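Worksheet: the structure to be examined is printed underneath.
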Amino acid sequence: MAHAEGHQHAQAHAQGQQQTHAQGQQHPIGIYLKIWGLLFVLSAASYLVDYFHFQGYLRWFLIIVFMLLKAGLIVAVFMHMMWERLALMYAILVPTLLLMVLLGIGALEADYTFFTRGVFFLKGLF
């Protein structure tokens, strides 16, 4: 008899978890359509950068800004990061940001090294 009650309790618990899981994973389709439209607008804006022949740092700045905005929207909504726990968001975003900072520092160091080599190695040629 105790076994039958335990089995019924387990079934009710599993059923409740399935219902909660199904309800927790559904998001309104409107948010996906709005984000899709916003991604379309951002893509059109990034194509307009080339259409209007922006040059130099402004061109690259705009392209990178639009690229990061689109990537952020895709990760936040379509990969469901917006609805995840803060710890999981930190586990994904902090290493990515740290890697970007380290790459930037490496690029600055490479520029300094290239400049220094030019100063010292070209001095002996003239």
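Identifiers for the structure tokens are assigned positionally: chains receive A, B, ... in sequence, residues are indexed from 1 per chain, and ligands are indexed from 1 in the order shown.
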Contact residues around stretch 76-78 of chain A with only C-alpha atoms at 9 Å, ignoring same-chain residues under 4 positions, as a VMD selection string: chain A and resid 31 to 32 35 71 to 72 82 to 83
Restricting the output to C-alpha atoms, write the selected residues as a PDB file, in the first residue's frame.
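Just written: result.pdb:
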```pdb
ATOM      1  CA  ILE A  31       8.669  39.217 -29.032  1.00  0.00           C
ATOM      2  CA  TYR A  32      10.348  37.021 -31.637  1.00  0.00           C
ATOM      3  CA  ILE A  35      13.326  41.143 -32.569  1.00  0.00           C
ATOM      4  CA  ALA A  71      24.756  39.482 -31.900  1.00  0.00           C
ATOM      5  CA  GLY A  72      23.487  40.686 -28.527  1.00  0.00           C
ATOM      6  CA  MET A  82      17.384  36.920 -21.369  1.00  0.00           C
ATOM      7  CA  TRP A  83      15.456  34.354 -19.342  1.00  0.00           C
TER       8      TRP A  83
END
```
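Distance-wise, atom CA of A:Phe66 and atom CA of A:Glu109 end up 26.9 Å apart.
For A:Met89, the list of residues within 12 Å, based on only C-alpha atoms and with local chain neighbours fewer than 6 positions off taken out, reads Val75, Ala76, Met79, His80, Met81, Met82, Trp83, Pro95, Thr96 and Leu97 of chain A.
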Using only C-alpha atoms, please write the residues we just selected to a file, as a JSON list (two decimals), in the first residue's frame.
```
[["chain", "number", "residue", "atom", "x", "y", "z"],
["A", 75, "VAL", "CA", 22.00, 35.74, -27.89],
["A", 76, "ALA", "CA", 19.51, 37.45, -25.57],
["A", 79, "MET", "CA", 19.27, 31.69, -27.44],
["A", 80, "HIS", "CA", 17.04, 32.48, -24.41],
["A", 81, "MET", "CA", 19.82, 34.20, -22.47],
["A", 82, "MET", "CA", 17.38, 36.92, -21.37],
["A", 83, "TRP", "CA", 15.46, 34.35, -19.34],
["A", 95, "PRO", "CA", 34.95, 35.27, -20.26],
["A", 96, "THR", "CA", 33.91, 36.72, -23.62],
["A", 97, "LEU", "CA", 34.40, 40.29, -22.43]]
```
Of A:Leu86, A:Leu68, A:Leu108, A:Val94, the one nearest to A:Leu39 when counting only C-alpha atoms is A:Leu68
